[in-house]
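Participant: Take this structure first; my questions come after.
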Amino acid sequence: MKRKLSIIASMLVLANLLVGCNNTKSISSQTQESHSNEVSEKKLNIVTTIFPQYDFTRQITKDKANVTMLLKPGMETHSFDPSPQDIKSIQNADLFIYTGGENDVWIDDILSSMKDKRPDTIKLIDCVNTVNEEIVEGMEHEHEHEHEHEHEHEHEHEHEHEHEHEHEHEHEHEHHHHHDDFEDSDVKDRTLNDWKGDWQSAYPHLLKGELDEVFHHKAEDNKDKTEKEYKEIYTKGFKTDIERIKIEDDKIYFYTNGQETSSKYAYKGYTILTKKNGKKSVRYQFEAIDKDTKAPKYVQFSDHEISPKENPEHFHIYVGNDSFNILSNEFDNWPTYFSSKLTGKEIAENMIGHSHSHEHEEIDEHVWTSPVNAIKIVEKITDVLIEKDPNNKKSYQNNSAKYIEELKELNDSFHKVVSNSSKKTIIFADRFPFRYFADEYGLKYYAAFSGCSASTDASPSTVAFLIDKVQAEKIPVVFTIEFSNEKIADSVCEATNAKKAMFHSCHNVSADEMKNGATYLSLMQNNIKLLQEALS
């Protein structure tokens, strides 16, 4: 549960009072000439909320600006309440830099109350492509929407089906909060191993009436179609004669009426599909290489991801013998496959759960945990600083260029660790504010809570799940984050003999870390060593 924002009303009152005050700095001068000199030498006053933007900004400005941080060292960010002085500092700033998102709602309200007296701002979540909080297997969540992605996919099928043909061709991703506004350069190649396993079509369960409850719930909740209309949409979407698919290594086995066909498949890249509204999606393409096979020659996968990620909850597959181009223009039929371990009832429950989840979606605010995102944020801050203080343009440019090179080296180091490691899974017996980090480096993860959760005590089932994962995958290191009570990690490590280590999210630093000169780079460089150990 996110922290309550009961302070907003009183803060707004204070902010309105502050707006009526003189916002200029007092300048003691004897003449107009001395006044002008003082103004020209005046440093920018930059206020930041938390450590990442504070450190990024001071690396760019060095001694050319005054940079302060509202969050005191050692303070837990999710329980931060701004003081009257904090709000006054924001109003008096030349530039205010904050994260944005659910935990910064109070900031947007305060800034709105300041009207034309508000300072210039930079919001971190506007500097990069964001993703929403993700609930992975075993993770607790206050909204209990453990499989949130599927409803979004289904909802878009329904919506797209009703519109013109030109609006339908991107049904598989527009709804999806992860990757519908990505940069083309963010798309990564994938292998068949991402979809390994034994999968069943949802279509037979629909025909048996086992999914009727899903359509009933959708009609009741959305009130935009009847149950019959929903079922018609899904009947057309799910329709296929391939009742089962098995994927092992570079081979796909197709089962139709109990008959098996198979082939080895070669990866043929991906195609990025873009709608008129700018929303995008990716289909990954594979071509059969066995000459005499009766299996489909061309195959496309879609599962809402744009980079390697094993074991999706479901996927959509497009197959044929003509061309990839023809498959890319298939809009109405999107055969959907779930784990063969699920019963029809479990698939229905899964889908119903998703239909209630999207209203709770929240942006994952921890954008800086990816060094690639850090670079984008630094570039944005640099541009704004130069615009506001052109006299120090050269200094800002030089400092920024040097810092970005260091961030690139940091990114390269993480990629090297992951590529040289046999393991690709990390476990956090804690909150997990590293979604952007995991996505960047193709890491699979399990954790007790999502990154923005306020929970600290996990249920016995969650602890047991993490223990089982550590043992099954022989994980040598279990992570916590800064300022954790470490209780969950202690339980997991005691049961598994795994090592406990703190992987720093850089959200905030302790008083000792600040005193000893901790930086984003130094904290993340220490994370490199820990990651190498955890993946060994």
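Residue numbers start at 1 in each chain; chains themselves are named A, B, ... in the order of the structure tokens; ligands are numbered from 1 in the order shown.
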Please provide the set of residues having any atom within 9 Å of Pro296 (chain A), restricted to only C-alpha atoms, with same-chain residues fewer than 4 positions apart removed, written as a PyMOL selection string.

Facilitator: chain A and resi 254+261-263+287-288+319-321

Participant: Write out, as a PDB file, in the first residue's frame, the residues just selected, with C-alpha atoms.

Facilitator:
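Written out: again-v5.pdb:
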```
ATOM      1  CA  PHE A 254       2.988 -28.824 -33.457  1.00  0.00           C
ATOM      2  CA  THR A 261       4.768 -32.253 -37.060  1.00  0.00           C
ATOM      3  CA  SER A 262       8.036 -30.579 -36.214  1.00  0.00           C
ATOM      4  CA  SER A 263      11.044 -28.734 -37.544  1.00  0.00           C
ATOM      5  CA  GLU A 287      11.751 -19.962 -40.387  1.00  0.00           C
ATOM      6  CA  ALA A 288      11.697 -23.769 -40.677  1.00  0.00           C
ATOM      7  CA  VAL A 319       1.986 -19.502 -38.584  1.00  0.00           C
ATOM      8  CA  GLY A 320       1.826 -20.052 -42.332  1.00  0.00           C
ATOM      9  CA  ASN A 321       3.641 -21.161 -45.478  1.00  0.00           C
TER      10      ASN A 321
END
```

Participant: Have a look at A:Gln532, A:Asn399, A:Ser421, A:Gln200 and name the one nearest to Ile381 (chain A); count only C-alpha atoms.

Facilitator: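 Result for the nearest residue to Ile381 (chain A): A:Asn399.
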
Participant: DSSP on the backbone, then: every residue of region 104-343 of chain A marked alpha helix (DSSP H), written as a PyMOL selection string.

Facilitator: chain A and resi 105-114+149-161+171-174+203-207+212-222+227-238+324-328

Participant: Nearest to Arg431 (chain A): which of A:Phe479, A:Phe465, A:Tyr270, A:Tyr403 is it, counting only C-alpha atoms?

Facilitator: A:Phe479
